[in-house]
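Below is coords07.cif, holding mmCIF, C-alpha atoms.
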```cif
data_target
#
loop_
_atom_site.group_PDB
_atom_site.id
_atom_site.type_symbol
_atom_site.label_atom_id
_atom_site.label_comp_id
_atom_site.auth_asym_id
_atom_site.auth_seq_id
_atom_site.Cartn_x
_atom_site.Cartn_y
_atom_site.Cartn_z
ATOM 1 C CA MET W 18 62.933 -14.218 4.963
ATOM 2 C CA CYS W 19 64.112 -10.737 4.268
ATOM 3 C CA ARG W 20 65.945 -7.555 5.271
ATOM 4 C CA LEU W 21 64.272 -4.493 6.759
ATOM 5 C CA PHE W 22 65.130 -0.822 7.193
ATOM 6 C CA GLY W 23 62.823 1.693 8.838
ATOM 7 C CA TYR W 24 63.091 5.304 9.903
ATOM 8 C CA VAL W 25 61.252 8.096 11.704
ATOM 9 C CA THR W 26 62.904 11.488 11.258
ATOM 10 C CA LYS W 27 62.307 15.137 12.057
ATOM 11 C CA SER W 28 61.933 16.094 8.393
ATOM 12 C CA PRO W 29 61.688 14.227 5.065
ATOM 13 C CA CYS W 30 64.864 12.252 4.363
ATOM 14 C CA ALA W 31 66.137 10.015 1.584
ATOM 15 C CA VAL W 32 67.141 6.471 2.482
ATOM 16 C CA ALA W 33 70.477 7.123 0.777
ATOM 17 C CA ASP W 34 71.150 10.107 3.040
ATOM 18 C CA LEU W 35 70.198 8.215 6.191
ATOM 19 C CA LEU W 36 72.340 5.165 5.469
ATOM 20 C CA GLY W 37 75.142 7.070 3.757
ATOM 21 C CA GLU W 38 76.986 5.894 0.670
ATOM 22 C CA GLU W 39 78.691 2.956 2.368
ATOM 23 C CA GLY W 40 75.602 1.973 4.333
ATOM 24 C CA LEU W 41 73.343 2.038 1.284
ATOM 25 C CA HIS W 42 75.872 -0.034 -0.655
ATOM 26 C CA ALA W 43 76.056 -2.541 2.206
ATOM 27 C CA PHE W 44 72.269 -2.758 2.485
ATOM 28 C CA THR W 45 71.696 -3.120 -1.265
ATOM 29 C CA SER W 46 74.516 -5.681 -1.465
ATOM 30 C CA LEU W 47 72.412 -7.960 0.731
ATOM 31 C CA THR W 48 70.669 -8.851 -2.535
ATOM 32 C CA THR W 49 73.351 -11.540 -2.825
ATOM 33 C CA VAL W 50 70.827 -13.387 -0.635
ATOM 34 C CA HIS W 51 67.677 -11.262 -0.711
ATOM 35 C CA SER W 52 67.167 -10.927 -4.464
ATOM 36 C CA ASP W 53 63.502 -11.902 -4.830
ATOM 37 C CA GLY W 54 62.067 -8.408 -4.887
ATOM 38 C CA TRP W 55 62.062 -5.132 -3.008
ATOM 39 C CA GLY W 56 59.530 -2.659 -1.705
ATOM 40 C CA MET W 57 59.208 0.682 0.052
ATOM 41 C CA ALA W 58 56.459 2.438 2.012
ATOM 42 C CA TRP W 59 56.323 6.046 3.146
ATOM 43 C CA HIS W 60 53.992 8.718 4.479
ATOM 44 C CA THR W 61 52.495 11.439 2.314
ATOM 45 C CA PRO W 62 49.832 14.056 3.133
ATOM 46 C CA GLU W 63 47.436 11.933 1.081
ATOM 47 C CA GLY W 64 48.185 8.717 2.978
ATOM 48 C CA THR W 65 50.644 5.827 3.000
ATOM 49 C CA ARG W 66 52.296 5.145 -0.364
ATOM 50 C CA THR W 67 54.057 1.983 -1.488
ATOM 51 C CA GLU W 68 56.119 0.871 -4.440
ATOM 52 C CA SER W 69 57.501 -2.618 -5.003
ATOM 53 C CA SER W 70 58.851 -4.985 -7.614
ATOM 54 C CA PRO W 71 59.671 -8.706 -7.802
ATOM 55 C CA ARG W 72 63.000 -7.751 -9.405
ATOM 56 C CA SER W 73 66.199 -7.691 -7.385
ATOM 57 C CA ALA W 74 66.817 -4.229 -5.928
ATOM 58 C CA ASP W 75 70.379 -4.056 -7.237
ATOM 59 C CA LEU W 76 69.070 -4.443 -10.799
ATOM 60 C CA ASP W 77 66.048 -2.146 -10.577
ATOM 61 C CA GLU W 78 66.342 1.519 -11.544
ATOM 62 C CA SER W 79 63.143 2.344 -9.660
ATOM 63 C CA TYR W 80 64.787 1.250 -6.415
ATOM 64 C CA ARG W 81 67.899 3.287 -7.213
ATOM 65 C CA ARG W 82 65.745 6.325 -7.922
ATOM 66 C CA LEU W 83 63.500 6.101 -4.867
ATOM 67 C CA VAL W 84 66.268 5.640 -2.295
ATOM 68 C CA GLU W 85 67.744 8.958 -3.447
ATOM 69 C CA VAL W 86 64.500 10.917 -2.969
ATOM 70 C CA PRO W 87 63.534 12.493 0.404
ATOM 71 C CA LEU W 88 60.103 10.899 0.321
ATOM 72 C CA SER W 89 58.949 11.343 3.905
ATOM 73 C CA HIS W 90 59.739 11.659 7.600
ATOM 74 C CA ALA W 91 58.682 8.026 8.132
ATOM 75 C CA GLY W 92 59.148 5.008 5.910
ATOM 76 C CA LEU W 93 60.473 1.494 5.426
ATOM 77 C CA VAL W 94 62.420 -0.590 2.907
ATOM 78 C CA HIS W 95 62.184 -4.355 2.369
ATOM 79 C CA LEU W 96 64.450 -6.776 0.478
ATOM 80 C CA ARG W 97 62.849 -10.181 -0.078
ATOM 81 C CA TRP W 98 64.333 -13.664 0.088
ATOM 82 C CA ALA W 99 61.372 -15.809 -0.914
ATOM 83 C CA THR W 100 60.531 -18.747 1.302
ATOM 84 C CA GLY W 101 60.901 -22.018 -0.587
ATOM 85 C CA GLY W 102 57.816 -22.912 -2.588
ATOM 86 C CA ILE W 103 56.273 -19.419 -2.571
ATOM 87 C CA ASP W 104 56.322 -17.679 -5.945
ATOM 88 C CA VAL W 105 58.289 -14.554 -6.764
ATOM 89 C CA ARG W 106 55.565 -12.320 -8.188
ATOM 90 C CA PRO W 107 54.104 -8.860 -7.515
ATOM 91 C CA GLU W 108 51.293 -10.138 -5.281
ATOM 92 C CA ASN W 109 53.839 -11.727 -2.925
ATOM 93 C CA THR W 110 56.158 -8.725 -2.758
ATOM 94 C CA HIS W 111 56.317 -6.653 0.436
ATOM 95 C CA PRO W 112 55.214 -4.228 1.740
ATOM 96 C CA PHE W 113 51.556 -5.150 1.863
ATOM 97 C CA LEU W 114 49.053 -2.307 2.145
ATOM 98 C CA SER W 115 45.601 -2.292 3.708
ATOM 99 C CA ASP W 116 43.558 0.677 4.952
ATOM 100 C CA ASP W 117 46.583 2.996 4.786
ATOM 101 C CA ALA W 118 48.779 0.636 6.833
ATOM 102 C CA ALA W 119 51.919 -0.887 5.275
ATOM 103 C CA PHE W 120 53.630 -4.048 6.516
ATOM 104 C CA ALA W 121 56.927 -5.816 5.798
ATOM 105 C CA HIS W 122 58.054 -9.068 7.459
ATOM 106 C CA ASN W 123 61.322 -10.929 8.003
ATOM 107 C CA GLY W 124 60.561 -14.522 8.884
ATOM 108 C CA HIS W 125 58.532 -17.563 7.939
ATOM 109 C CA ILE W 126 55.430 -18.701 9.824
ATOM 110 C CA THR W 127 54.363 -22.302 9.367
ATOM 111 C CA PRO W 128 52.047 -24.037 8.828
ATOM 112 C CA ILE W 129 50.540 -21.302 6.654
ATOM 113 C CA ALA W 130 47.147 -23.032 6.786
ATOM 114 C CA ASP W 131 47.111 -22.688 10.582
ATOM 115 C CA LEU W 132 47.933 -18.999 10.264
ATOM 116 C CA GLU W 133 45.196 -18.423 7.699
ATOM 117 C CA ALA W 134 42.731 -20.238 9.957
ATOM 118 C CA LEU W 135 43.045 -17.322 12.405
ATOM 119 C CA LEU W 136 41.568 -14.935 9.844
ATOM 120 C CA THR W 137 37.941 -13.977 9.523
ATOM 121 C CA ALA W 138 36.216 -14.329 6.166
ATOM 122 C CA GLU W 139 36.565 -10.573 5.680
ATOM 123 C CA SER W 140 40.315 -10.716 6.343
ATOM 124 C CA ARG W 141 40.769 -13.660 3.980
ATOM 125 C CA ALA W 142 38.954 -11.714 1.277
ATOM 126 C CA ARG W 143 41.678 -9.045 1.462
ATOM 127 C CA LEU W 144 44.442 -11.524 0.607
ATOM 128 C CA GLY W 145 46.061 -11.054 -2.767
ATOM 129 C CA GLY W 146 48.997 -13.469 -2.640
ATOM 130 C CA ASP W 147 50.275 -16.726 -1.185
ATOM 131 C CA THR W 148 52.639 -15.635 1.584
ATOM 132 C CA ASP W 149 52.539 -16.275 5.295
ATOM 133 C CA SER W 150 53.633 -12.641 5.683
ATOM 134 C CA GLU W 151 50.448 -11.242 4.164
ATOM 135 C CA ARG W 152 48.386 -13.501 6.425
ATOM 136 C CA TYR W 153 50.400 -12.303 9.436
ATOM 137 C CA PHE W 154 49.640 -8.718 8.398
ATOM 138 C CA GLN W 155 45.941 -9.367 7.970
ATOM 139 C CA PHE W 156 45.778 -10.995 11.400
ATOM 140 C CA VAL W 157 47.380 -7.905 12.950
ATOM 141 C CA HIS W 158 45.032 -5.671 10.947
ATOM 142 C CA GLN W 159 42.067 -7.775 12.058
ATOM 143 C CA SER W 160 43.107 -7.513 15.716
ATOM 144 C CA VAL W 161 43.468 -3.737 15.484
ATOM 145 C CA GLU W 162 40.006 -3.459 13.932
ATOM 146 C CA GLN W 163 38.497 -5.633 16.657
ATOM 147 C CA CYS W 164 40.180 -3.654 19.464
ATOM 148 C CA GLY W 165 39.706 -0.217 17.971
ATOM 149 C CA ASP W 166 43.217 0.686 19.160
ATOM 150 C CA GLU W 167 46.512 0.088 17.355
ATOM 151 C CA ALA W 168 48.679 -0.528 20.429
ATOM 152 C CA GLU W 169 46.213 -2.961 21.966
ATOM 153 C CA GLY W 170 45.471 -4.674 18.671
ATOM 154 C CA VAL W 171 49.122 -5.236 17.801
ATOM 155 C CA SER W 172 49.832 -6.455 21.352
ATOM 156 C CA ARG W 173 47.002 -8.994 21.225
ATOM 157 C CA ALA W 174 47.966 -10.222 17.774
ATOM 158 C CA LEU W 175 51.602 -10.745 18.750
ATOM 159 C CA ALA W 176 50.632 -12.508 21.966
ATOM 160 C CA ALA W 177 48.435 -14.938 20.031
ATOM 161 C CA LEU W 178 51.071 -15.582 17.367
ATOM 162 C CA VAL W 179 53.909 -16.164 19.844
ATOM 163 C CA LYS W 180 51.763 -18.707 21.670
ATOM 164 C CA ARG W 181 50.732 -20.549 18.498
ATOM 165 C CA PHE W 182 53.995 -20.251 16.516
ATOM 166 C CA PRO W 183 56.736 -20.056 19.181
ATOM 167 C CA ARG W 184 59.644 -21.013 16.901
ATOM 168 C CA CYS W 185 58.839 -18.570 14.099
ATOM 169 C CA SER W 186 60.232 -15.094 13.535
ATOM 170 C CA LEU W 187 57.690 -12.284 13.773
ATOM 171 C CA ASN W 188 60.193 -9.549 12.889
ATOM 172 C CA ALA W 189 58.325 -6.817 11.038
ATOM 173 C CA LEU W 190 57.899 -3.125 10.395
ATOM 174 C CA VAL W 191 54.411 -1.632 10.331
ATOM 175 C CA LEU W 192 53.726 1.902 9.147
ATOM 176 C CA THR W 193 50.305 3.424 9.816
ATOM 177 C CA PRO W 194 49.135 7.030 9.449
ATOM 178 C CA THR W 195 49.912 7.597 13.143
ATOM 179 C CA HIS W 196 52.578 5.072 14.203
ATOM 180 C CA MET W 197 55.666 3.125 13.267
ATOM 181 C CA PHE W 198 55.944 -0.339 14.847
ATOM 182 C CA ALA W 199 59.268 -2.186 14.909
ATOM 183 C CA ILE W 200 58.702 -5.812 15.946
ATOM 184 C CA HIS W 201 61.717 -7.903 16.985
ATOM 185 C CA ILE W 202 60.379 -11.265 18.190
ATOM 186 C CA ASN W 203 62.423 -14.288 17.143
ATOM 187 C CA SER W 204 64.422 -15.694 20.088
ATOM 188 C CA ARG W 205 63.385 -19.288 19.366
ATOM 189 C CA ALA W 206 63.719 -19.063 15.575
ATOM 190 C CA ASP W 207 66.780 -20.649 13.961
ATOM 191 C CA SER W 208 69.009 -18.910 11.414
ATOM 192 C CA PRO W 209 68.479 -20.405 7.916
ATOM 193 C CA LEU W 210 72.035 -21.732 7.862
ATOM 194 C CA ARG W 211 71.463 -24.632 5.467
ATOM 195 C CA ALA W 212 69.730 -22.427 2.894
ATOM 196 C CA LEU W 213 72.473 -19.806 3.178
ATOM 197 C CA ARG W 214 75.214 -22.381 2.607
ATOM 198 C CA GLN W 215 73.465 -23.524 -0.557
ATOM 199 C CA LEU W 216 73.843 -20.013 -2.002
ATOM 200 C CA PHE W 217 77.596 -19.670 -1.447
ATOM 201 C CA ASP W 218 80.591 -21.843 -2.277
ATOM 202 C CA ASP W 219 82.565 -20.202 0.527
ATOM 203 C CA GLU W 220 80.841 -19.595 3.871
ATOM 204 C CA GLY W 221 83.084 -16.559 4.309
ATOM 205 C CA ASP W 222 81.124 -14.835 1.531
ATOM 206 C CA ILE W 223 77.847 -15.002 3.456
ATOM 207 C CA PRO W 224 76.844 -11.485 4.634
ATOM 208 C CA PRO W 225 77.819 -10.483 8.187
ATOM 209 C CA ARG W 226 75.928 -12.130 11.071
ATOM 210 C CA HIS W 227 73.634 -14.102 8.772
ATOM 211 C CA THR W 228 74.807 -17.515 9.985
ATOM 212 C CA THR W 229 74.527 -16.694 13.694
ATOM 213 C CA GLU W 230 72.213 -13.666 14.058
ATOM 214 C CA TYR W 231 70.079 -13.723 10.952
ATOM 215 C CA PHE W 232 66.995 -12.386 12.738
ATOM 216 C CA ALA W 233 68.803 -9.749 14.827
ATOM 217 C CA MET W 234 67.762 -6.111 14.474
ATOM 218 C CA ASP W 235 69.779 -2.998 15.303
ATOM 219 C CA TYR W 236 68.909 0.647 15.830
ATOM 220 C CA ARG W 237 70.586 4.011 16.074
ATOM 221 C CA GLU W 238 69.557 7.509 17.033
ATOM 222 C CA THR W 239 71.016 10.459 15.170
ATOM 223 C CA SER W 240 70.313 14.174 15.006
ATOM 224 C CA ARG W 241 67.785 13.335 12.288
ATOM 225 C CA GLY W 242 65.793 10.729 14.186
ATOM 226 C CA LEU W 243 65.536 6.991 14.759
ATOM 227 C CA GLU W 244 66.517 4.174 12.376
ATOM 228 C CA VAL W 245 66.160 0.397 12.680
ATOM 229 C CA VAL W 246 67.697 -2.247 10.419
ATOM 230 C CA SER W 247 68.079 -6.004 10.060
ATOM 231 C CA SER W 248 71.503 -7.549 10.634
ATOM 232 C CA GLY W 249 73.984 -7.598 7.782
ATOM 233 C CA LEU W 250 75.368 -4.077 7.364
ATOM 234 C CA GLY W 251 78.562 -4.862 9.248
ATOM 235 C CA GLN W 252 79.072 -1.202 10.195
ATOM 236 C CA PRO W 253 79.799 0.486 13.540
ATOM 237 C CA GLY W 254 77.387 2.824 15.295
ATOM 238 C CA TRP W 255 74.384 0.516 15.588
ATOM 239 C CA MET W 256 73.022 -0.915 18.847
ATOM 240 C CA PRO W 257 71.109 -4.204 19.215
ATOM 241 C CA VAL W 258 67.351 -4.010 19.628
ATOM 242 C CA PRO W 259 66.443 -5.878 22.855
ATOM 243 C CA ALA W 260 65.326 -9.454 22.275
ATOM 244 C CA ASP W 261 61.628 -10.187 21.928
ATOM 245 C CA THR W 262 60.357 -6.633 21.968
ATOM 246 C CA ALA W 263 58.103 -4.477 19.864
ATOM 247 C CA VAL W 264 58.360 -0.700 19.839
ATOM 248 C CA MET W 265 55.686 1.773 18.778
ATOM 249 C CA VAL W 266 56.591 5.366 17.976
ATOM 250 C CA ASP W 267 53.841 7.958 17.686
ATOM 251 C CA LEU W 268 53.901 10.135 14.590
ATOM 252 C CA PRO W 269 52.041 13.245 15.776
ATOM 253 C CA PRO W 270 50.931 15.531 12.938
ATOM 254 C CA GLY W 271 52.893 18.739 12.665
ATOM 255 C CA ARG W 272 55.502 17.831 15.285
ATOM 256 C CA SER W 273 58.841 16.071 15.154
ATOM 257 C CA PRO W 274 59.293 12.991 17.356
ATOM 258 C CA THR W 275 62.295 12.837 19.656
ATOM 259 C CA TRP W 276 63.421 10.082 22.000
ATOM 260 C CA THR W 277 64.954 10.244 25.474
ATOM 261 C CA PRO W 278 66.607 7.967 26.413
ATOM 262 C CA SER W 279 67.575 5.606 23.615
ATOM 263 C CA LEU W 280 65.546 2.634 22.471
ATOM 264 C CA GLY W 281 68.019 0.366 24.235
ATOM 265 C CA SER W 282 66.724 1.627 27.581
ATOM 266 C CA ALA W 283 63.096 1.061 26.682
ATOM 267 C CA THR W 284 62.795 -2.081 28.778
ATOM 268 C CA THR W 285 63.506 -0.120 31.980
ATOM 269 C CA ARG W 286 62.602 3.498 31.307
ATOM 270 C CA CYS W 287 60.849 5.278 28.505
ATOM 271 C CA GLU W 288 60.245 8.935 27.712
ATOM 272 C CA THR W 289 59.364 10.926 24.620
ATOM 273 C CA ALA W 290 59.007 14.633 24.064
ATOM 274 C CA TYR W 291 56.120 14.427 21.599
ATOM 275 C CA GLY W 292 54.862 10.880 21.431
ATOM 276 C CA ARG W 293 54.762 7.531 23.157
ATOM 277 C CA LEU W 294 57.333 4.791 22.901
ATOM 278 C CA LEU W 295 55.607 1.472 23.424
ATOM 279 C CA SER W 296 57.677 -1.581 24.283
ATOM 280 C CA ILE W 297 56.030 -4.996 24.346
ATOM 281 C CA CYS W 298 58.290 -7.462 26.147
ATOM 282 C CA CYS W 299 57.905 -11.212 26.501
ATOM 283 C CA THR W 300 59.403 -11.483 29.969
ATOM 284 C CA SER W 301 57.340 -9.440 32.437
ATOM 285 C CA ALA W 302 53.785 -8.480 33.258
ATOM 286 C CA ALA W 303 53.612 -4.846 34.340
ATOM 287 C CA ARG W 304 52.204 -1.719 32.751
ATOM 288 C CA LEU W 305 54.125 1.478 33.450
ATOM 289 C CA VAL W 306 53.516 5.094 32.533
ATOM 290 C CA ARG W 307 56.563 7.341 32.799
ATOM 291 C CA GLY W 308 57.529 10.715 31.442
ATOM 292 C CA GLY W 309 54.483 11.006 29.211
ATOM 293 C CA ALA W 310 55.337 7.728 27.494
ATOM 294 C CA ARG W 311 53.670 4.364 27.829
ATOM 295 C CA LEU W 312 55.752 1.267 28.426
ATOM 296 C CA LEU W 313 53.665 -1.867 28.014
ATOM 297 C CA ARG W 314 54.962 -5.269 29.032
ATOM 298 C CA THR W 315 52.973 -8.438 28.642
ATOM 299 C CA ARG W 316 53.726 -12.058 29.543
ATOM 300 C CA TRP W 317 53.300 -14.355 26.530
#
```

Here is the file; what I need is its structure written in the form of C-alpha cells.
Amino acid sequence: MCRLFGYVTKSPCAVADLLGEEGLHAFTSLTTVHSDGWGMAWHTPEGTRTESSPRSADLDESYRRLVEVPLSHAGLVHLRWATGGIDVRPENTHPFLSDDAAFAHNGHITPIADLEALLTAESRARLGGDTDSERYFQFVHQSVEQCGDEAEGVSRALAALVKRFPRCSLNALVLTPTHMFAIHINSRADSPLRALRQLFDDEGDIPPRHTTEYFAMDYRETSRGLEVVSSGLGQPGWMPVPADTAVMVDLPPGRSPTWTPSLGSATTRCETAYGRLLSICCTSAARLVRGGARLLRTRW
C-alpha cells in the first residue's frame, strides 16, 4: 500500500515545482507511514527512465535531488508502505519497468498465488520480486501484448481483475512511451485502519484521510497541465477522481496535451485538443466518441 503522484505537463517540470514547497513537504511527510522505499519514472527521448530505492524518501538524498530536477513532461512518484510479509528490497520497490512501460501500485491483491496464476510462462519469467504489484503489472503488460492495443489491453486486464479480486484496490499509475494511465478502482477495498493505528500512539497523528479515504485519489488542472495524487496532502485545490474509473491521456510527440473539460467531467463528456482522454467506468456499458476524444465505459 502506497502513495502516488503523477503528472502530464506542457513542458518538462520538476515535482517540487508542481507540488510547491508546502505540497512537496506534505507529500514527503507521508513517509511517516510509507517509509519502505520510493521510486520515480519519467519520459526521456531515449525511453522511460526509472530510479528507486528501498530507503525512506525523507532520508534519501537521491529523492531530494530528483524531485528538484525538471526531468520530463510526464512522470510519476511512488512512496511504498510494504504489505506485511513482503520484503523491503530493491526488487520489490516500485516503479516496475518492462518494455519501456513503468508501473506503480497502491493496494494489495490477494491471494498472490491466484494473481500469478493468470500469468503466462513468459510473463512469469519477467518477474524479479515477490510483490502482488509486479504481478498485477505483468498481467496488464501481458493483456496489452495480446490485444496489440494499450487502451484495449488495460481495459481487459482491469475487467478481469475486478471480477476475480473485487475487494482489492487496483489504484495505479502506468507510464508508457505514448500514454499515462491513472487507475482509481477500489470502491470495495477497506482502508487499512488497524495497521495505521499500530503505527501511531494518537490517531490524530495519522495523515489526513488515511483512516476513511485511504485509497482516494485527487486531481487538479493548472496552466502547466494535469496532476493526480493519492489522498493525504490535506491541501485545497484538488478535486476527487470519480470512483472506479481509469483515465488514459495520450502523449503525442511534439505537442502539448490539454484537457477540456476537467477530468471530473470525464464520466459524462470528454474532449481533448491533442489527444484522447479514456475513461473506463464500472457502472455503464456504452462507448462514446465526442470532440475527438474517446470515452470508453465497460460493465464489470

Problem - Sel. within 12 Å of pt (58.2, 6.8, -0.8), counting all atoms listed in the file, output as a PyMOL selection string - result: chain W and resi 23-24+29-32+56-62+64-69+79-80+82-94+112+119+192

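Counting only C-alpha atoms and comparing W:Asp166, W:Ala260, W:Phe156, W:Pro225, the residue that lies closest to Phe44 in chain W is W:Pro225.
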
Handout entry: Given only C-alpha atoms as the counted atoms, nearest of W:Pro71, W:Gly146, W:Gly124, W:Pro194 to Ala206 in chain W
Key =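 Checking each candidate against Ala206 in chain W, we get W:Gly124 as the closest.
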
Practice task
Quote the spacing between CA of Leu144 in chain W and CA of Asp116 in chain W in Å to one decimal place.
Solution key: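 Answer for the CA of Leu144 in chain W to CA of Asp116 in chain W separation: 13.0 Å.
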
Practice task
Given the file shown, determine the residues that the PyMOL selection byres ((chain W and resi 204) around 8) selects; report them as a list in words.
Solution key: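 Output of the PyMOL selection byres ((chain W and resi 204) around 8): Arg184, Ser186, Ile202, Asn203, Arg205, Ala206, Ala260 and Asp261 of chain W.
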
Exercise for the section: Return as a VMD selection string the set of residues that the PyMOL selection byres ((chain W and resi 151) around 12) yields on the displayed structure. Expected result: chain W and resid 108 to 115 119 to 126 129 132 to 133 136 140 to 150 152 to 158 189

Please produce a file of the residues just selected, as a CSV table (one decimal), in the frame of the given file, where the atoms kept are C-alpha atoms.
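Everything below was put into part.csv:
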```csv
chain,number,residue,atom,x,y,z
W,108,GLU,CA,51.3,-10.1,-5.3
W,109,ASN,CA,53.8,-11.7,-2.9
W,110,THR,CA,56.2,-8.7,-2.8
W,111,HIS,CA,56.3,-6.7,0.4
W,112,PRO,CA,55.2,-4.2,1.7
W,113,PHE,CA,51.6,-5.2,1.9
W,114,LEU,CA,49.1,-2.3,2.1
W,115,SER,CA,45.6,-2.3,3.7
W,119,ALA,CA,51.9,-0.9,5.3
W,120,PHE,CA,53.6,-4.0,6.5
W,121,ALA,CA,56.9,-5.8,5.8
W,122,HIS,CA,58.1,-9.1,7.5
W,123,ASN,CA,61.3,-10.9,8.0
W,124,GLY,CA,60.6,-14.5,8.9
W,125,HIS,CA,58.5,-17.6,7.9
W,126,ILE,CA,55.4,-18.7,9.8
W,129,ILE,CA,50.5,-21.3,6.7
W,132,LEU,CA,47.9,-19.0,10.3
W,133,GLU,CA,45.2,-18.4,7.7
W,136,LEU,CA,41.6,-14.9,9.8
W,140,SER,CA,40.3,-10.7,6.3
W,141,ARG,CA,40.8,-13.7,4.0
W,142,ALA,CA,39.0,-11.7,1.3
W,143,ARG,CA,41.7,-9.0,1.5
W,144,LEU,CA,44.4,-11.5,0.6
W,145,GLY,CA,46.1,-11.1,-2.8
W,146,GLY,CA,49.0,-13.5,-2.6
W,147,ASP,CA,50.3,-16.7,-1.2
W,148,THR,CA,52.6,-15.6,1.6
W,149,ASP,CA,52.5,-16.3,5.3
W,150,SER,CA,53.6,-12.6,5.7
W,152,ARG,CA,48.4,-13.5,6.4
W,153,TYR,CA,50.4,-12.3,9.4
W,154,PHE,CA,49.6,-8.7,8.4
W,155,GLN,CA,45.9,-9.4,8.0
W,156,PHE,CA,45.8,-11.0,11.4
W,157,VAL,CA,47.4,-7.9,13.0
W,158,HIS,CA,45.0,-5.7,10.9
W,189,ALA,CA,58.3,-6.8,11.0
```

Exercise for the section: Name the residues that the PyMOL selection byres ((chain W and resi 213) around 12) pulls out of this structure, and write them as number ranges by chain. Expected result: W: 18, 49-51, 98, 208-212, 214-229, 231

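Between Asn188 in chain W and the candidates W:Gln159, W:Val264, W:Ala74, W:Leu243, the tightest atom-to-atom separation, counting only C-alpha atoms, involves W:Val264.
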
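Coordinates place CA of Glu244 in chain W at a distance of 11.0 Å from CA of Val258 in chain W.
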
Exercise for the section: Name all residues at most 10 Å from Ser240 in chain W (count all atoms listed in the file; drop same-chain ones fewer than 2 positions away) and give them as a list of chain:residue names. Expected result: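 Counting all atoms listed in the file, the residues come to W:Thr26, W:Lys27, W:Glu238, W:Gly242, W:Leu243, W:Thr275.
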